[in-house]
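*Asks:* File input19.pdb below, PDB, C-alpha atoms and all ligand atoms:
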```pdb
MODEL        1
ATOM      1  CA  MET A  78       1.928 -50.281  34.529  1.00  0.00           C
ATOM      2  CA  GLU A  79       4.637 -50.379  31.846  1.00  0.00           C
ATOM      3  CA  LYS A  80       7.418 -52.826  32.652  1.00  0.00           C
ATOM      4  CA  LEU A  81      11.024 -51.734  32.860  1.00  0.00           C
ATOM      5  CA  TYR A  82      12.502 -55.153  32.143  1.00  0.00           C
ATOM      6  CA  GLU A  83      11.328 -58.747  31.797  1.00  0.00           C
ATOM      7  CA  GLY A  84      13.792 -61.496  32.642  1.00  0.00           C
ATOM      8  CA  LYS A  85      13.461 -65.275  32.621  1.00  0.00           C
ATOM      9  CA  ALA A  86      11.889 -65.522  36.088  1.00  0.00           C
ATOM     10  CA  LYS A  87      10.984 -61.957  37.093  1.00  0.00           C
ATOM     11  CA  VAL A  88       9.441 -58.756  35.760  1.00  0.00           C
ATOM     12  CA  LEU A  89      10.610 -55.348  37.004  1.00  0.00           C
ATOM     13  CA  PHE A  90       8.208 -52.402  37.150  1.00  0.00           C
ATOM     14  CA  PRO A  91       9.385 -48.846  37.795  1.00  0.00           C
ATOM     15  CA  GLU A  92       7.934 -47.127  40.869  1.00  0.00           C
ATOM     16  CA  GLY A  93       9.509 -43.912  42.094  1.00  0.00           C
ATOM     17  CA  PRO A  94      12.978 -42.759  41.033  1.00  0.00           C
ATOM     18  CA  ASP A  95      14.517 -44.884  43.803  1.00  0.00           C
ATOM     19  CA  THR A  96      12.420 -48.051  43.888  1.00  0.00           C
ATOM     20  CA  LEU A  97      11.187 -50.944  41.737  1.00  0.00           C
ATOM     21  CA  ARG A  98       8.435 -53.512  42.056  1.00  0.00           C
ATOM     22  CA  VAL A  99       9.602 -57.067  41.317  1.00  0.00           C
ATOM     23  CA  TYR A 100       7.026 -59.628  40.122  1.00  0.00           C
ATOM     24  CA  PHE A 101       8.061 -63.307  40.411  1.00  0.00           C
ATOM     25  CA  LYS A 102       6.830 -65.557  37.567  1.00  0.00           C
ATOM     26  CA  ASP A 103       6.258 -69.328  37.418  1.00  0.00           C
ATOM     27  CA  GLU A 104       8.328 -69.671  34.229  1.00  0.00           C
ATOM     28  CA  ALA A 105      11.504 -71.713  34.594  1.00  0.00           C
ATOM     29  CA  THR A 106      14.514 -71.993  32.319  1.00  0.00           C
ATOM     30  CA  ALA A 107      17.699 -74.038  32.553  1.00  0.00           C
ATOM     31  CA  PHE A 108      20.889 -74.617  30.566  1.00  0.00           C
ATOM     32  CA  ASN A 109      21.083 -71.042  29.267  1.00  0.00           C
ATOM     33  CA  ALA A 110      17.336 -71.061  28.458  1.00  0.00           C
ATOM     34  CA  GLN A 111      17.560 -74.131  26.169  1.00  0.00           C
ATOM     35  CA  LYS A 112      15.127 -75.888  28.518  1.00  0.00           C
ATOM     36  CA  ARG A 113      11.892 -74.083  29.356  1.00  0.00           C
ATOM     37  CA  GLY A 114       8.915 -74.931  31.507  1.00  0.00           C
ATOM     38  CA  LEU A 115       6.425 -73.897  34.129  1.00  0.00           C
ATOM     39  CA  ILE A 116       6.593 -74.641  37.842  1.00  0.00           C
ATOM     40  CA  PRO A 117       3.136 -73.688  39.205  1.00  0.00           C
ATOM     41  CA  GLY A 118       3.450 -71.656  42.405  1.00  0.00           C
ATOM     42  CA  LYS A 119       7.187 -71.062  41.975  1.00  0.00           C
ATOM     43  CA  GLY A 120       6.787 -67.272  41.832  1.00  0.00           C
ATOM     44  CA  VAL A 121       5.050 -67.220  45.208  1.00  0.00           C
ATOM     45  CA  VAL A 122       7.680 -69.485  46.769  1.00  0.00           C
ATOM     46  CA  ASN A 123      10.618 -67.507  45.373  1.00  0.00           C
ATOM     47  CA  ASN A 124       9.146 -64.154  46.445  1.00  0.00           C
ATOM     48  CA  LYS A 125       8.497 -65.364  50.004  1.00  0.00           C
ATOM     49  CA  VAL A 126      11.765 -67.271  50.370  1.00  0.00           C
ATOM     50  CA  SER A 127      13.767 -64.315  49.000  1.00  0.00           C
ATOM     51  CA  ALA A 128      11.955 -61.811  51.241  1.00  0.00           C
ATOM     52  CA  THR A 129      12.498 -63.984  54.325  1.00  0.00           C
ATOM     53  CA  LEU A 130      16.193 -64.492  53.541  1.00  0.00           C
ATOM     54  CA  PHE A 131      16.789 -60.804  52.753  1.00  0.00           C
ATOM     55  CA  ARG A 132      15.190 -59.864  56.111  1.00  0.00           C
ATOM     56  CA  TYR A 133      17.284 -62.489  57.936  1.00  0.00           C
ATOM     57  CA  LEU A 134      20.503 -61.274  56.282  1.00  0.00           C
ATOM     58  CA  GLU A 135      19.672 -57.604  56.989  1.00  0.00           C
ATOM     59  CA  ALA A 136      19.127 -58.515  60.650  1.00  0.00           C
ATOM     60  CA  HIS A 137      22.677 -59.916  60.612  1.00  0.00           C
ATOM     61  CA  GLY A 138      24.290 -56.819  59.111  1.00  0.00           C
ATOM     62  CA  VAL A 139      24.152 -57.588  55.362  1.00  0.00           C
ATOM     63  CA  ARG A 140      22.981 -54.603  53.270  1.00  0.00           C
ATOM     64  CA  THR A 141      20.442 -55.635  50.596  1.00  0.00           C
ATOM     65  CA  HIS A 142      18.163 -53.987  48.030  1.00  0.00           C
ATOM     66  CA  PHE A 143      15.061 -55.451  49.740  1.00  0.00           C
ATOM     67  CA  LEU A 144      12.455 -53.044  51.148  1.00  0.00           C
ATOM     68  CA  GLU A 145       9.180 -54.929  51.649  1.00  0.00           C
ATOM     69  CA  GLU A 146       6.847 -57.683  50.475  1.00  0.00           C
ATOM     70  CA  LEU A 147       3.919 -56.207  48.527  1.00  0.00           C
ATOM     71  CA  SER A 148       1.884 -59.323  47.710  1.00  0.00           C
ATOM     72  CA  ASP A 149       2.273 -63.094  47.238  1.00  0.00           C
ATOM     73  CA  ARG A 150       4.371 -62.558  44.113  1.00  0.00           C
ATOM     74  CA  GLU A 151       5.736 -59.031  44.513  1.00  0.00           C
ATOM     75  CA  MET A 152       8.336 -57.185  46.528  1.00  0.00           C
ATOM     76  CA  ARG A 153       9.569 -53.594  46.588  1.00  0.00           C
ATOM     77  CA  VAL A 154      13.326 -53.100  46.215  1.00  0.00           C
ATOM     78  CA  LEU A 155      15.807 -50.245  45.864  1.00  0.00           C
ATOM     79  CA  ARG A 156      16.946 -49.462  42.330  1.00  0.00           C
ATOM     80  CA  VAL A 157      20.571 -50.483  41.909  1.00  0.00           C
ATOM     81  CA  GLU A 158      22.990 -50.734  39.038  1.00  0.00           C
ATOM     82  CA  ILE A 159      23.616 -54.487  38.817  1.00  0.00           C
ATOM     83  CA  LEU A 160      27.258 -55.568  38.540  1.00  0.00           C
ATOM     84  CA  PRO A 161      27.481 -57.874  35.468  1.00  0.00           C
ATOM     85  CA  LEU A 162      28.629 -60.797  37.635  1.00  0.00           C
ATOM     86  CA  GLU A 163      27.131 -63.981  39.011  1.00  0.00           C
ATOM     87  CA  VAL A 164      28.872 -64.703  42.277  1.00  0.00           C
ATOM     88  CA  ILE A 165      28.757 -68.377  43.225  1.00  0.00           C
ATOM     89  CA  LEU A 166      29.608 -69.826  46.613  1.00  0.00           C
ATOM     90  CA  ARG A 167      30.176 -73.559  46.916  1.00  0.00           C
ATOM     91  CA  PHE A 168      30.360 -75.750  50.022  1.00  0.00           C
ATOM     92  CA  LYS A 169      30.166 -79.054  48.125  1.00  0.00           C
ATOM     93  CA  ALA A 170      30.834 -79.981  44.491  1.00  0.00           C
ATOM     94  CA  ALA A 171      27.737 -80.023  42.251  1.00  0.00           C
ATOM     95  CA  GLY A 172      26.507 -79.017  38.813  1.00  0.00           C
ATOM     96  CA  SER A 173      28.979 -77.396  36.446  1.00  0.00           C
ATOM     97  CA  PHE A 174      31.787 -77.521  39.045  1.00  0.00           C
ATOM     98  CA  ALA A 175      31.511 -81.288  39.554  1.00  0.00           C
ATOM     99  CA  LYS A 176      31.451 -81.763  35.780  1.00  0.00           C
ATOM    100  CA  ARG A 177      34.372 -79.391  35.069  1.00  0.00           C
ATOM    101  CA  TYR A 178      36.719 -81.084  37.535  1.00  0.00           C
ATOM    102  CA  GLY A 179      35.376 -84.632  37.214  1.00  0.00           C
ATOM    103  CA  VAL A 180      34.412 -85.000  40.864  1.00  0.00           C
ATOM    104  CA  LYS A 181      31.361 -86.678  42.348  1.00  0.00           C
ATOM    105  CA  GLU A 182      28.418 -84.419  43.248  1.00  0.00           C
ATOM    106  CA  GLY A 183      28.370 -83.943  47.009  1.00  0.00           C
ATOM    107  CA  THR A 184      32.174 -84.029  47.446  1.00  0.00           C
ATOM    108  CA  PRO A 185      32.865 -81.595  50.306  1.00  0.00           C
ATOM    109  CA  LEU A 186      35.288 -78.742  49.569  1.00  0.00           C
ATOM    110  CA  ARG A 187      38.119 -77.988  52.017  1.00  0.00           C
ATOM    111  CA  ALA A 188      36.860 -74.412  52.361  1.00  0.00           C
ATOM    112  CA  PRO A 189      33.925 -72.453  50.897  1.00  0.00           C
ATOM    113  CA  LEU A 190      34.831 -71.509  47.314  1.00  0.00           C
ATOM    114  CA  VAL A 191      33.863 -68.225  45.623  1.00  0.00           C
ATOM    115  CA  GLU A 192      33.593 -68.272  41.810  1.00  0.00           C
ATOM    116  CA  TYR A 193      32.521 -65.574  39.367  1.00  0.00           C
ATOM    117  CA  SER A 194      30.717 -65.769  36.019  1.00  0.00           C
ATOM    118  CA  LEU A 195      30.223 -62.947  33.568  1.00  0.00           C
ATOM    119  CA  LYS A 196      26.474 -62.278  33.221  1.00  0.00           C
ATOM    120  CA  SER A 197      25.981 -62.695  29.480  1.00  0.00           C
ATOM    121  CA  ASP A 198      23.275 -64.786  27.784  1.00  0.00           C
ATOM    122  CA  PRO A 199      25.004 -64.751  24.333  1.00  0.00           C
ATOM    123  CA  LEU A 200      28.278 -65.960  25.895  1.00  0.00           C
ATOM    124  CA  GLY A 201      26.544 -68.447  28.228  1.00  0.00           C
ATOM    125  CA  ASP A 202      27.766 -66.836  31.496  1.00  0.00           C
ATOM    126  CA  PRO A 203      31.469 -67.823  31.191  1.00  0.00           C
ATOM    127  CA  LEU A 204      33.611 -68.231  34.310  1.00  0.00           C
ATOM    128  CA  ILE A 205      35.733 -65.146  34.915  1.00  0.00           C
ATOM    129  CA  CYS A 206      38.716 -64.761  37.263  1.00  0.00           C
ATOM    130  CA  PRO A 207      39.094 -61.777  39.640  1.00  0.00           C
ATOM    131  CA  GLU A 208      42.031 -60.423  37.609  1.00  0.00           C
ATOM    132  CA  ALA A 209      39.899 -60.340  34.452  1.00  0.00           C
ATOM    133  CA  ILE A 210      37.057 -58.611  36.339  1.00  0.00           C
ATOM    134  CA  LEU A 211      39.499 -55.866  37.366  1.00  0.00           C
ATOM    135  CA  ALA A 212      41.211 -55.707  33.956  1.00  0.00           C
ATOM    136  CA  LEU A 213      37.857 -55.232  32.213  1.00  0.00           C
ATOM    137  CA  GLY A 214      36.743 -52.664  34.775  1.00  0.00           C
ATOM    138  CA  LEU A 215      33.613 -54.677  35.661  1.00  0.00           C
ATOM    139  CA  ALA A 216      34.200 -53.821  39.331  1.00  0.00           C
ATOM    140  CA  ALA A 217      36.819 -51.873  41.251  1.00  0.00           C
ATOM    141  CA  GLU A 218      39.258 -53.692  43.530  1.00  0.00           C
ATOM    142  CA  GLU A 219      37.536 -52.412  46.681  1.00  0.00           C
ATOM    143  CA  GLU A 220      34.124 -53.386  45.314  1.00  0.00           C
ATOM    144  CA  LEU A 221      35.253 -56.897  44.417  1.00  0.00           C
ATOM    145  CA  SER A 222      36.809 -57.337  47.826  1.00  0.00           C
ATOM    146  CA  GLN A 223      33.512 -56.295  49.455  1.00  0.00           C
ATOM    147  CA  VAL A 224      31.545 -58.646  47.178  1.00  0.00           C
ATOM    148  CA  ARG A 225      33.774 -61.550  48.187  1.00  0.00           C
ATOM    149  CA  THR A 226      33.657 -60.810  51.928  1.00  0.00           C
ATOM    150  CA  THR A 227      29.862 -60.353  51.856  1.00  0.00           C
ATOM    151  CA  THR A 228      29.375 -63.567  49.855  1.00  0.00           C
ATOM    152  CA  LEU A 229      31.348 -65.593  52.419  1.00  0.00           C
ATOM    153  CA  LYS A 230      29.352 -64.017  55.262  1.00  0.00           C
ATOM    154  CA  VAL A 231      26.050 -64.712  53.473  1.00  0.00           C
ATOM    155  CA  GLY A 232      27.242 -68.297  52.970  1.00  0.00           C
ATOM    156  CA  GLU A 233      27.822 -68.869  56.684  1.00  0.00           C
ATOM    157  CA  LEU A 234      24.492 -67.266  57.616  1.00  0.00           C
ATOM    158  CA  LEU A 235      22.471 -69.196  55.021  1.00  0.00           C
ATOM    159  CA  ARG A 236      24.163 -72.500  55.779  1.00  0.00           C
ATOM    160  CA  ASP A 237      23.159 -72.142  59.457  1.00  0.00           C
ATOM    161  CA  PHE A 238      19.648 -71.028  58.533  1.00  0.00           C
ATOM    162  CA  PHE A 239      19.027 -74.079  56.329  1.00  0.00           C
ATOM    163  CA  ALA A 240      20.832 -76.549  58.615  1.00  0.00           C
ATOM    164  CA  GLN A 241      18.312 -75.617  61.325  1.00  0.00           C
ATOM    165  CA  ARG A 242      15.585 -76.566  58.847  1.00  0.00           C
ATOM    166  CA  GLY A 243      16.964 -79.953  57.829  1.00  0.00           C
ATOM    167  CA  LEU A 244      18.448 -78.729  54.546  1.00  0.00           C
ATOM    168  CA  ASP A 245      22.070 -78.930  53.410  1.00  0.00           C
ATOM    169  CA  LEU A 246      23.124 -75.815  51.444  1.00  0.00           C
ATOM    170  CA  ILE A 247      25.401 -77.104  48.670  1.00  0.00           C
ATOM    171  CA  ASP A 248      25.945 -73.910  46.632  1.00  0.00           C
ATOM    172  CA  PHE A 249      24.205 -70.690  45.614  1.00  0.00           C
ATOM    173  CA  LYS A 250      24.442 -67.697  43.281  1.00  0.00           C
ATOM    174  CA  LEU A 251      24.294 -64.034  44.300  1.00  0.00           C
ATOM    175  CA  GLU A 252      24.115 -60.783  42.363  1.00  0.00           C
ATOM    176  CA  PHE A 253      25.172 -57.403  43.690  1.00  0.00           C
ATOM    177  CA  GLY A 254      24.229 -53.858  42.729  1.00  0.00           C
ATOM    178  CA  LYS A 255      25.627 -50.393  43.282  1.00  0.00           C
ATOM    179  CA  ARG A 256      23.627 -47.517  44.694  1.00  0.00           C
ATOM    180  CA  GLN A 257      25.122 -44.161  45.639  1.00  0.00           C
ATOM    181  CA  GLY A 258      28.568 -45.718  45.752  1.00  0.00           C
ATOM    182  CA  GLU A 259      27.431 -48.518  48.044  1.00  0.00           C
ATOM    183  CA  ILE A 260      27.387 -52.243  47.198  1.00  0.00           C
ATOM    184  CA  LEU A 261      24.077 -53.953  48.022  1.00  0.00           C
ATOM    185  CA  LEU A 262      23.050 -57.601  47.753  1.00  0.00           C
ATOM    186  CA  ALA A 263      20.359 -57.711  45.032  1.00  0.00           C
ATOM    187  CA  ASP A 264      18.374 -60.067  42.731  1.00  0.00           C
ATOM    188  CA  GLU A 265      16.832 -63.067  44.551  1.00  0.00           C
ATOM    189  CA  ILE A 266      17.823 -65.947  46.818  1.00  0.00           C
ATOM    190  CA  SER A 267      15.499 -68.871  46.152  1.00  0.00           C
ATOM    191  CA  PRO A 268      15.391 -72.560  45.198  1.00  0.00           C
ATOM    192  CA  ASP A 269      16.066 -71.285  41.631  1.00  0.00           C
ATOM    193  CA  THR A 270      19.458 -69.945  42.715  1.00  0.00           C
ATOM    194  CA  MET A 271      20.564 -72.420  45.402  1.00  0.00           C
ATOM    195  CA  ARG A 272      21.145 -76.126  45.729  1.00  0.00           C
ATOM    196  CA  LEU A 273      19.463 -77.507  48.854  1.00  0.00           C
ATOM    197  CA  TRP A 274      19.573 -81.201  49.709  1.00  0.00           C
ATOM    198  CA  ASP A 275      17.366 -82.802  52.338  1.00  0.00           C
ATOM    199  CA  GLN A 276      19.671 -83.725  55.226  1.00  0.00           C
ATOM    200  CA  LYS A 277      17.943 -87.069  55.840  1.00  0.00           C
ATOM    201  CA  THR A 278      17.371 -88.362  52.309  1.00  0.00           C
ATOM    202  CA  GLY A 279      19.960 -86.413  50.296  1.00  0.00           C
ATOM    203  CA  GLU A 280      17.179 -85.531  47.804  1.00  0.00           C
ATOM    204  CA  PRO A 281      17.584 -82.242  45.895  1.00  0.00           C
ATOM    205  CA  MET A 282      14.880 -79.740  46.947  1.00  0.00           C
ATOM    206  CA  ASP A 283      15.638 -77.067  44.339  1.00  0.00           C
ATOM    207  CA  LYS A 284      15.710 -76.291  40.617  1.00  0.00           C
ATOM    208  CA  ASP A 285      17.844 -79.392  39.932  1.00  0.00           C
ATOM    209  CA  ARG A 286      14.545 -81.365  40.115  1.00  0.00           C
ATOM    210  CA  PHE A 287      13.468 -79.378  37.025  1.00  0.00           C
ATOM    211  CA  ARG A 288      16.904 -79.379  35.323  1.00  0.00           C
ATOM    212  CA  LYS A 289      17.273 -83.172  35.703  1.00  0.00           C
ATOM    213  CA  ASP A 290      13.568 -84.136  35.297  1.00  0.00           C
ATOM    214  CA  LEU A 291      13.487 -85.721  38.750  1.00  0.00           C
ATOM    215  CA  GLY A 292       9.734 -85.081  39.255  1.00  0.00           C
ATOM    216  CA  GLY A 293       8.101 -83.592  42.343  1.00  0.00           C
ATOM    217  CA  VAL A 294       9.307 -80.105  41.406  1.00  0.00           C
ATOM    218  CA  GLU A 295       6.294 -78.147  42.730  1.00  0.00           C
ATOM    219  CA  GLU A 296       6.244 -80.216  45.908  1.00  0.00           C
ATOM    220  CA  ALA A 297       9.936 -79.566  46.584  1.00  0.00           C
ATOM    221  CA  TYR A 298       9.482 -75.793  46.190  1.00  0.00           C
ATOM    222  CA  GLN A 299       6.468 -75.849  48.549  1.00  0.00           C
ATOM    223  CA  GLU A 300       8.410 -77.912  51.099  1.00  0.00           C
ATOM    224  CA  VAL A 301      11.318 -75.451  51.046  1.00  0.00           C
ATOM    225  CA  LEU A 302       8.863 -72.580  51.642  1.00  0.00           C
ATOM    226  CA  ARG A 303       7.217 -74.482  54.493  1.00  0.00           C
ATOM    227  CA  ARG A 304      10.584 -75.071  56.181  1.00  0.00           C
ATOM    228  CA  VAL A 305      11.792 -71.495  55.576  1.00  0.00           C
ATOM    229  CA  LEU A 306       8.597 -70.172  57.212  1.00  0.00           C
ATOM    230  CA  ARG A 307       8.658 -73.023  59.757  1.00  0.00           C
ATOM    231  CA  GLU A 308       4.902 -73.597  59.561  1.00  0.00           C
TER
HETATM  232  N1  LIG E 401      22.999 -70.630  39.377  1.00  0.00           N
HETATM  233  C1  LIG E 401      22.060 -69.646  39.136  1.00  0.00           C
HETATM  234  N2  LIG E 401      21.998 -69.064  37.892  1.00  0.00           N
HETATM  235  C2  LIG E 401      22.842 -69.410  36.894  1.00  0.00           C
HETATM  236  C3  LIG E 401      23.811 -70.410  37.139  1.00  0.00           C
HETATM  237  C4  LIG E 401      23.847 -70.999  38.395  1.00  0.00           C
HETATM  238  O1  LIG E 401      21.292 -69.288  40.015  1.00  0.00           O
HETATM  239  O2  LIG E 401      22.753 -68.828  35.792  1.00  0.00           O
HETATM  240  C5  LIG E 401      23.077 -71.264  40.704  1.00  0.00           C
HETATM  241  C6  LIG E 401      22.661 -72.728  40.679  1.00  0.00           C
HETATM  242  O3  LIG E 401      21.302 -72.881  40.982  1.00  0.00           O
HETATM  243  C7  LIG E 401      23.545 -73.322  41.744  1.00  0.00           C
HETATM  244  C8  LIG E 401      24.789 -72.441  41.760  1.00  0.00           C
HETATM  245  O4  LIG E 401      24.419 -71.234  41.135  1.00  0.00           O
HETATM  246  O5  LIG E 401      22.912 -73.229  43.015  1.00  0.00           O
HETATM  247  C9  LIG E 401      25.968 -73.052  41.054  1.00  0.00           C
HETATM  248  O6  LIG E 401      25.584 -73.442  39.755  1.00  0.00           O
HETATM  249  P1  LIG E 401      26.590 -74.129  38.719  1.00  0.00           P
HETATM  250  O7  LIG E 401      27.718 -73.195  38.440  1.00  0.00           O
HETATM  251  O8  LIG E 401      26.948 -75.468  39.207  1.00  0.00           O
HETATM  252  O9  LIG E 401      25.791 -74.135  37.382  1.00  0.00           O
HETATM  253  P2  LIG E 401      24.682 -75.135  36.844  1.00  0.00           P
HETATM  254  O10 LIG E 401      25.243 -76.497  36.980  1.00  0.00           O
HETATM  255  O11 LIG E 401      23.493 -74.878  37.678  1.00  0.00           O
HETATM  256  O12 LIG E 401      24.539 -74.656  35.441  1.00  0.00           O
ENDMDL
END
```
Could you render the structure from this file as structure tokens?
*Replies:*
Amino acid sequence: MEKLYEGKAKVLFPEGPDTLRVYFKDEATAFNAQKRGLIPGKGVVNNKVSATLFRYLEAHGVRTHFLEELSDREMRVLRVEILPLEVILRFKAAGSFAKRYGVKEGTPLRAPLVEYSLKSDPLGDPLICPEAILALGLAAEEELSQVRTTTLKVGELLRDFFAQRGLDLIDFKLEFGKRQGEILLADEISPDTMRLWDQKTGEPMDKDRFRKDLGGVEEAYQEVLRRVLRE
């Protein structure tokens, strides 16, 4: 079937007027697509981890675009109009945040911190403040307030979920979409979009292994899936 859109890690296929089929690829990119590679099996892991987390969040009252898993690498989702924002929640300093403020990775934050980036490949996803989001009309005040509240709730739920599986959730990125006036959690939640450190060893178990050439990338993704499914 003809694809609707092909991104860096996923392909979207149209289904009915209301739904899409998402196919998760093994391709990986980092640093605004300057670094490219393949992580064999990643698509399967990200599909299953995302599906499991969407179901868990739905069970706890978070509205998402997820409908059902279709195969190892595919899920069915509701069509939404994606807000052009990357919403980041941080529990501990890492990545661009640690670099920007000159703090050590792993420094705990006094409270969970919500940050926003403008989704734009040519601009390199620049940070954007809530006032600028409103001034540019990227989201309405009520929508932004709902995005923030939902992100904090998702943060608490995911932190508990991973803590029970021996993983420390450091930070993650969410995307939201609009459908019939309602804001839904969309995109994916996977080791591509989260930082997860093993509680015992402190080892990163996420895309940072690829970004930083730490080795054992495939193994880390498989281990996260194993713990998420609790096999
Ligand atoms: N992240 C993401 N997509 C992006 C940028 C970041 O999924 O385009 C995730 C990343 O995996 C991490 C969190 O958001 O879990 C915070 O990332 P950060 O802002 O530190 O950026 P990075 O250092 O990864 O570029």
*Asks:* Go through A:Glu252, A:Asp275, A:Asp149, A:Glu220 one by one, measure the shortest atom-to-atom distance of each to A:Ala240 using all atoms listed in the file, and give the residue with the smallest value.
*Replies:*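 The shortest atom-to-atom distance to A:Ala240 comes from A:Asp275.
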*Asks:* Can you pull out the residues contacting A:Val305? Cut-off 10 Å, using only C-alpha atoms, and skip same-chain residues under 3 positions away; I want them as a VMD selection string.
*Replies:* chain A and resid 122 125 to 127 129 to 130 238 to 239 241 to 242 244 299 to 302 308
*Asks:* Residues within 10 Å of ligand LIG 401 (chain E) should be enumerated using only C-alpha atoms and all ligand atoms and returned as an NGL selection string.
*Replies:* :A and (106-110 or 163-167 or 170-177 or 182 or 192-198 or 201-204 or 246-252 or 265-273 or 283-285 or 288)
*Asks:* Atom CA of A:His137 and atom CA of A:Tyr298, how far apart in Å?
*Replies:*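 Value for the atom CA of A:Tyr298-atom CA of A:His137 distance: 25.2 Å.
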*Asks:* Take the PyMOL selection byres (((chain A and resi 225-232) around 8) and not hetatm), apply it to the structure above, and return the hits as a ChimeraX atom specification.
*Replies:* /A:134,139,164,166,189,191,221-224,233-236,251
*Asks:* Counting all atoms listed in the file, figure out which residue out of A:Arg304, A:Arg156, A:Arg150, A:Lys289 gets nearest to A:Lys255.
*Replies:*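 That would be A:Arg156, the residue with the smallest distance to A:Lys255.
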*Asks:* At a cut-off of 9 Å, using all atoms listed in the file, what residues contact A:Ile116? Leave out same-chain residues fewer than 6 positions from it and give the result as a list in words.
*Replies:* Asp103, Glu104, Ala105, Phe287, Val294, Glu295 and Tyr298 of chain A
*Asks:* Put the listed atoms of stretch 163-168 of chain A in a box along x, y and z with 5 Å added on every side and give me the centre and edge lengths in Å to one decimal, as lines of an AutoDock Vina configuration file.
*Replies:*
```
center_x = 28.7
center_y = -69.9
center_z = 44.5
size_x = 13.2
size_y = 21.8
size_z = 21.0
```
*Asks:* Selected by the PyMOL selection byres (((chain A and resi 184-186) around 6) and not hetatm) in the shown coordinates: which residues, as a PyMOL selection string?
*Replies:* chain A and resi 168-170+181-183+187-188
*Asks:* Those residues you just picked out, can you put them in a file as a compact mmCIF listing (two decimals), in the coordinates of the input with C-alpha atoms?
*Replies:*
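To be explicit, this is the file written out as again_1.txt:
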```
# COMPACT_ATOMS: atom_id res chain seq x y z
CA PHE A 168 30.36 -75.75 50.02
CA LYS A 169 30.17 -79.05 48.12
CA ALA A 170 30.83 -79.98 44.49
CA LYS A 181 31.36 -86.68 42.35
CA GLU A 182 28.42 -84.42 43.25
CA GLY A 183 28.37 -83.94 47.01
CA ARG A 187 38.12 -77.99 52.02
CA ALA A 188 36.86 -74.41 52.36
```
*Asks:* To one decimal place in Å, what is the distance between atom CA of A:Glu296 and atom CA of A:Ala263?
*Replies:*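 So the answer is 26.6 Å.
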*Asks:* With all atoms listed in the file as the atoms that count, which of A:Gly254, A:Gly293, A:Gly243, A:Gly214 lies nearest to A:Gly279?
*Replies:*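 Selected residue with least distance to A:Gly279: A:Gly243.
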